[in-house]
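Novice: target-v4.txt (compact mmCIF, C-alpha atoms) pasted underneath:
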```txt
# COMPACT_ATOMS: atom_id res chain seq x y z
CA GLU A 262 24.68 6.79 11.09
CA LEU A 263 21.40 5.70 9.57
CA VAL A 264 21.48 2.60 7.42
CA GLU A 265 18.58 1.67 5.18
CA LYS A 266 17.73 -2.00 4.97
CA ILE A 267 15.95 -3.20 1.88
CA GLU A 268 14.64 -6.74 2.02
CA VAL A 269 14.22 -8.27 -1.41
CA ILE A 270 11.73 -11.07 -1.97
CA PRO A 271 12.37 -12.72 -5.33
CA PHE A 272 9.38 -13.62 -7.42
CA GLU A 273 9.78 -17.29 -8.17
CA ILE A 274 8.47 -18.53 -11.46
CA SER A 275 6.44 -21.73 -11.48
CA THR A 276 3.75 -23.33 -13.57
CA VAL A 277 0.36 -22.55 -12.10
CA ARG A 278 -2.68 -24.45 -13.32
CA ASN A 279 -5.41 -22.63 -11.40
CA LEU A 280 -4.62 -19.53 -9.33
CA LYS A 281 -8.29 -18.74 -8.63
CA LYS A 282 -11.55 -20.04 -10.03
CA ASP A 283 -11.76 -17.19 -12.53
CA VAL A 284 -8.09 -17.22 -13.53
CA ILE A 285 -6.83 -20.25 -15.39
CA ALA A 286 -3.21 -20.06 -16.39
CA SER A 287 -1.22 -22.45 -18.49
CA THR A 288 1.76 -20.12 -18.79
CA LEU A 289 4.50 -19.27 -16.33
CA LEU A 290 3.33 -17.07 -13.46
CA VAL A 291 4.75 -15.75 -10.22
CA ASP A 292 4.80 -18.27 -7.37
CA ILE A 293 2.11 -16.29 -5.64
CA ASN A 294 1.82 -18.49 -2.55
CA ARG A 295 5.42 -18.01 -1.46
CA THR A 296 5.28 -14.30 -2.23
CA ILE A 297 2.13 -13.88 -0.11
CA LEU A 298 3.52 -15.90 2.81
CA GLN A 299 6.72 -13.83 2.83
CA SER A 300 4.76 -10.60 2.52
CA MET A 301 2.51 -11.55 5.45
CA SER A 302 5.62 -12.30 7.52
CA ILE A 303 7.04 -8.84 6.79
CA ILE A 304 3.72 -7.15 7.57
CA ARG A 305 3.39 -9.01 10.89
CA LYS A 306 6.94 -7.96 11.80
CA GLU A 307 6.79 -4.31 10.74
CA CYS A 308 3.16 -3.30 11.41
CA PRO A 309 3.55 -3.05 15.22
CA MET A 310 6.70 -0.92 14.91
CA ILE A 311 6.88 2.81 15.57
CA GLY A 312 8.95 4.85 13.17
CA CYS A 313 11.26 7.48 14.63
CA TYR A 314 14.46 9.34 13.86
CA HIS A 315 16.59 6.24 14.47
CA TYR A 316 14.31 3.68 12.83
CA HIS A 317 12.31 4.18 9.68
CA VAL A 318 9.73 1.45 9.14
CA PRO A 319 10.26 0.30 5.54
CA PRO A 320 7.24 -0.13 3.27
CA LEU A 321 6.73 -3.36 1.37
CA ILE A 322 7.22 -2.62 -2.32
CA ILE A 323 6.17 -4.94 -5.13
CA SER A 324 8.04 -3.79 -8.22
CA ARG A 325 8.32 -5.35 -11.66
CA LEU A 326 7.93 -4.29 -15.25
CA ALA A 327 4.48 -3.76 -16.75
CA ARG A 328 2.33 -6.90 -16.99
CA GLY A 329 4.61 -8.60 -14.44
CA GLY A 330 1.93 -9.62 -11.93
CA LYS A 331 2.17 -6.73 -9.45
CA THR A 332 -1.57 -6.07 -9.27
CA THR A 333 -2.31 -9.81 -9.09
CA ALA A 334 0.12 -10.15 -6.18
CA LEU A 335 -1.35 -7.09 -4.44
CA MET A 336 -4.92 -8.41 -4.81
CA ALA A 337 -3.87 -11.83 -3.49
CA LEU A 338 -2.19 -10.11 -0.53
CA PHE A 339 -5.37 -8.09 0.10
CA ASP A 340 -7.38 -11.34 0.11
CA GLU A 341 -4.92 -12.96 2.53
CA LEU A 342 -4.93 -9.96 4.88
CA LYS A 343 -8.72 -9.89 4.88
CA SER A 344 -9.16 -13.62 5.39
CA SER A 345 -6.60 -13.67 8.23
CA GLY A 346 -8.92 -11.58 10.39
CA GLU A 347 -5.85 -9.88 11.88
CA PHE A 348 -5.77 -6.79 9.69
CA LEU A 349 -8.03 -4.19 8.15
CA PRO A 350 -6.73 -3.94 4.60
CA ILE A 351 -7.53 -0.82 2.57
CA ILE A 352 -6.77 -1.07 -1.13
CA ILE A 353 -6.62 1.84 -3.55
CA SER A 354 -5.35 2.13 -7.09
CA PHE A 355 -3.83 4.74 -9.33
CA ASN A 356 -3.66 2.18 -12.15
CA ILE A 357 -5.01 3.55 -15.42
CA SER A 358 -7.82 0.97 -15.33
CA ALA A 359 -9.00 2.42 -11.98
CA ASN A 360 -10.00 5.63 -13.79
CA PHE A 361 -8.15 7.83 -11.32
CA TYR A 362 -8.08 11.52 -12.13
CA ARG A 363 -7.02 14.60 -10.20
CA ILE A 364 -9.59 17.16 -9.24
CA GLY A 365 -8.36 20.66 -9.88
CA ASP A 366 -5.01 21.44 -8.32
CA GLU A 367 -5.10 18.84 -5.53
CA ASN A 368 -1.71 17.67 -4.29
CA ASN A 369 -0.74 14.01 -3.79
CA GLU A 370 -1.93 13.92 -0.17
CA GLN A 371 -5.36 15.23 -1.16
CA SER A 372 -5.58 12.69 -3.99
CA ILE A 373 -4.62 9.82 -1.67
CA LEU A 374 -7.12 10.95 0.98
CA ARG A 375 -9.90 11.25 -1.59
CA VAL A 376 -9.26 7.78 -3.01
CA ILE A 377 -9.03 6.22 0.48
CA ALA A 378 -12.29 7.93 1.41
CA THR A 379 -14.05 6.23 -1.51
CA GLN A 380 -13.41 2.91 0.25
CA PHE A 381 -15.43 4.05 3.26
CA PHE A 382 -17.87 6.75 2.16
CA LYS A 383 -20.12 7.31 -0.83
CA SER A 384 -19.20 10.88 -1.43
CA GLU A 385 -18.19 12.86 -4.46
CA ASP A 386 -16.95 15.72 -2.32
CA LYS A 387 -13.82 17.38 -3.59
CA TYR A 388 -12.62 18.12 -0.09
CA ILE A 389 -12.08 15.31 2.38
CA ASP A 390 -11.87 16.07 6.08
CA LYS A 391 -8.50 14.48 6.85
CA ALA A 392 -9.04 14.33 10.62
CA LYS A 393 -12.47 12.74 10.21
CA LEU A 394 -11.17 10.12 7.77
CA LEU A 395 -8.19 9.22 9.96
CA ALA A 396 -10.43 9.02 13.05
CA TYR A 397 -12.73 6.70 11.11
CA ILE A 398 -9.79 4.49 10.11
CA ASP A 399 -8.57 4.47 13.74
CA GLU A 400 -11.99 3.41 15.00
CA ALA A 401 -12.42 0.73 12.31
CA GLY A 402 -8.89 -0.54 12.94
CA LYS A 403 -9.55 -1.16 16.65
CA SER A 404 -11.37 -4.38 15.77
CA PHE A 405 -8.22 -5.83 14.21
CA ARG A 406 -5.37 -6.89 16.49
CA GLY A 407 -2.79 -6.63 13.68
CA GLY A 408 -3.73 -3.14 12.57
CA VAL A 409 -4.51 -1.33 9.33
CA VAL A 410 -2.64 -2.01 6.09
CA LEU A 411 -2.89 0.42 3.18
CA LEU A 412 -2.24 -1.25 -0.17
CA ILE A 413 -1.67 1.07 -3.15
CA ASP A 414 -1.57 -0.18 -6.71
CA GLU A 415 0.77 1.74 -9.01
CA LEU A 416 1.83 4.56 -6.70
CA ASN A 417 4.11 5.71 -9.51
CA ALA A 418 1.03 6.58 -11.60
CA LEU A 419 0.04 9.21 -9.01
CA SER A 420 3.34 11.04 -9.18
CA ARG A 421 7.00 10.27 -9.58
CA PRO A 422 8.43 11.27 -7.18
CA LEU A 423 5.68 11.96 -4.70
CA ASP A 424 5.43 15.55 -3.57
CA ARG A 425 6.40 16.37 0.00
CA ALA A 426 2.78 16.39 1.22
CA GLY A 427 2.06 12.93 -0.18
CA ALA A 428 5.29 11.41 1.15
CA ARG A 429 4.80 12.99 4.60
CA PHE A 430 1.24 11.70 4.79
CA LEU A 431 2.13 8.11 3.90
CA ILE A 432 5.12 8.05 6.25
CA ALA A 433 3.35 9.74 9.18
CA GLU A 434 0.08 7.81 8.93
CA PHE A 435 1.11 4.37 7.63
CA LEU A 436 4.78 3.83 8.53
CA ASP A 437 5.57 5.84 11.66
CA ARG A 438 2.42 4.85 13.56
CA PRO A 439 2.11 1.50 15.34
CA LYS A 440 -0.43 -0.95 13.92
CA ARG A 441 -0.30 0.76 10.53
CA TYR A 442 1.59 -0.38 7.45
CA LEU A 443 2.04 0.49 3.79
CA VAL A 444 2.37 -1.83 0.78
CA PHE A 445 2.56 -0.48 -2.75
CA THR A 446 3.30 -1.54 -6.30
CA SER A 447 5.34 0.47 -8.75
CA HIS A 448 6.88 0.10 -12.20
CA VAL A 449 9.86 2.16 -11.10
CA LEU A 450 11.84 2.87 -7.96
CA MET A 451 9.77 5.05 -5.60
CA ILE A 452 11.41 6.57 -2.57
CA LEU A 453 9.21 7.91 0.20
CA ASP A 454 11.40 10.68 1.49
CA CYS A 455 9.65 13.76 2.76
CA TYR A 456 12.92 15.42 3.76
CA SER A 457 14.81 15.59 0.48
CA ILE A 458 11.99 16.69 -1.83
```
Written as structure tokens, that's how I'd like the structure from this file.

Specialist:
Amino acid sequence: ELVEKIEVIPFEISTVRNLKKDVIASTLLVDINRTILQSMSIIRKECPMIGCYHYHVPPLIISRLARGGKTTALMALFDELKSSGEFLPIIISFNISANFYRIGDENNEQSILRVIATQFFKSEDKYIDKAKLLAYIDEAGKSFRGGVVLLIDELNALSRPLDRAGARFLIAEFLDRPKRYLVFTSHVLMILDCYSI
């Protein structure tokens, strides 16, 4: 019998005087330092794992209401992953401020591939060679002992729920493979289940 384990990291509220040089806060904000430390611990634990029928590697999900600090937490996690030197972080966004739009009738997998590709290539091509992109990520990831971490801001803005192609892609490429991991933010519960869609 398969049992899903969901680990919940509470956002602690604390007064923060200066989160970063360009962000000065005098109001209550998320205790970002604890959240990032706990997130890094989960990533270090889960990233080496291989997903299979008996064990599904769980993604790290940052979920709160709008204006709750999800994107701020995700960006701080990206910075921590990058500065650690252990991981190759890839960050993409479907947030309305990222100006994401679908091209034609592309499915979720094609949209995700296209947006990931913009982080590596300067191309306006509608069609992304999936094998070439994944080979490029594999090659780039070899320099990082921890692996590759895909961070997605507002996955729910892409589609809710994800279509089967999108869910399969994220599970197969960023949860079931060793040295790959997935972190995403969402306003609502998002289940990555390519079998029940």

Novice: Using all atoms listed in the file, which residue out of A:Asp437, A:Asp390, A:Glu370, A:Glu347 lies closest to Leu423 of chain A?

Specialist: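 So, comparing all the options, the nearest one is A:Glu370.
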
Novice: Would you compute the box with edges along x, y and z of the file around segment 434-441 of chain A, including every atom the file lists for it and 5 Å extra on each side, and give its centre and edge lengths in Å to one decimal, as JSON?

Specialist:
```
{"center_x": 2.6, "center_y": 3.4, "center_z": 11.5, "size_x": 16.0, "size_y": 18.8, "size_z": 17.7}
```

Novice: Counting only C-alpha atoms, give me one row per residue of segment 314-392 of chain A with an atom at most 7 Å from an atom of segment 396-416 of chain A, showing the shortest contact pair and its distance in Å to one decimal, sorted by chain then residue number, as a tab-separated table.

Specialist:
```
residue	atom	partner	partner_atom	distance
A:Thr332	CA	A:Asp414	CA	6.4
A:Gly346	CA	A:Phe405	CA	6.9
A:Glu347	CA	A:Gly407	CA	4.8
A:Phe348	CA	A:Gly407	CA	5.0
A:Leu349	CA	A:Val409	CA	4.7
A:Pro350	CA	A:Val410	CA	4.8
A:Ile351	CA	A:Leu411	CA	4.8
A:Ile352	CA	A:Leu412	CA	4.6
A:Ile353	CA	A:Ile413	CA	5.0
A:Ser354	CA	A:Asp414	CA	4.4
A:Phe355	CA	A:Glu415	CA	5.5
A:Asn356	CA	A:Glu415	CA	5.4
A:Ala392	CA	A:Ala396	CA	6.0
```

Novice: Can you measure atom CA of Ile389 of chain A to atom CA of Ile357 of chain A for me? One decimal in Å is fine.

Specialist: 22.5 Å

Novice: Need the shell around segment 310-313 of chain A: protein/DNA/RNA residues with any atom at most 8 Å away, counting only C-alpha atoms. Skip same-chain ones fewer than 5 positions apart. Format as a list of chain:residue names?

Specialist: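 Listed by chain and then number, they are A:Val318, A:Leu436, A:Asp437, A:Arg438, A:Pro439, A:Lys440.
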
Novice: Quick one, how far is atom CA of Phe339 of chain A from atom CA of Arg375 of chain A?

Specialist: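 The value is 19.9 Å.
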
Novice: Between atom CA of Ser358 of chain A and atom CA of Val444 of chain A, measure the distance and give it in Å to one decimal.

Specialist: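 So the answer is 19.3 Å.
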
Novice: May I have a table of the residues of segment 330-449 of chain A lying at most 8 Å from segment 298-304 of chain A, giving each one's closest pair of atoms and their distance in Å to one decimal, counting only C-alpha atoms, ordered by chain and ascending residue number, as JSON lines?

Specialist:
```
{"residue": "A:Leu338", "atom": "CA", "partner": "A:Ser300", "partner_atom": "CA", "distance": 7.6}
{"residue": "A:Leu342", "atom": "CA", "partner": "A:Met301", "partner_atom": "CA", "distance": 7.6}
{"residue": "A:Tyr442", "atom": "CA", "partner": "A:Ile304", "partner_atom": "CA", "distance": 7.1}
```

Novice: Please determine, counting only C-alpha atoms, which residue among A:Met451, A:Ala378, A:Ile297, A:Leu395 has the shortest atom-to-atom distance to Asp424 of chain A.

Specialist: A:Met451

Novice: Please determine, counting only C-alpha atoms, which residue among A:Ser372, A:Arg425, A:Ala337, A:Thr446 has the shortest atom-to-atom distance to Asn294 of chain A.

Specialist: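 Ranked by minimum distance to Asn294 of chain A, first place goes to A:Ala337.
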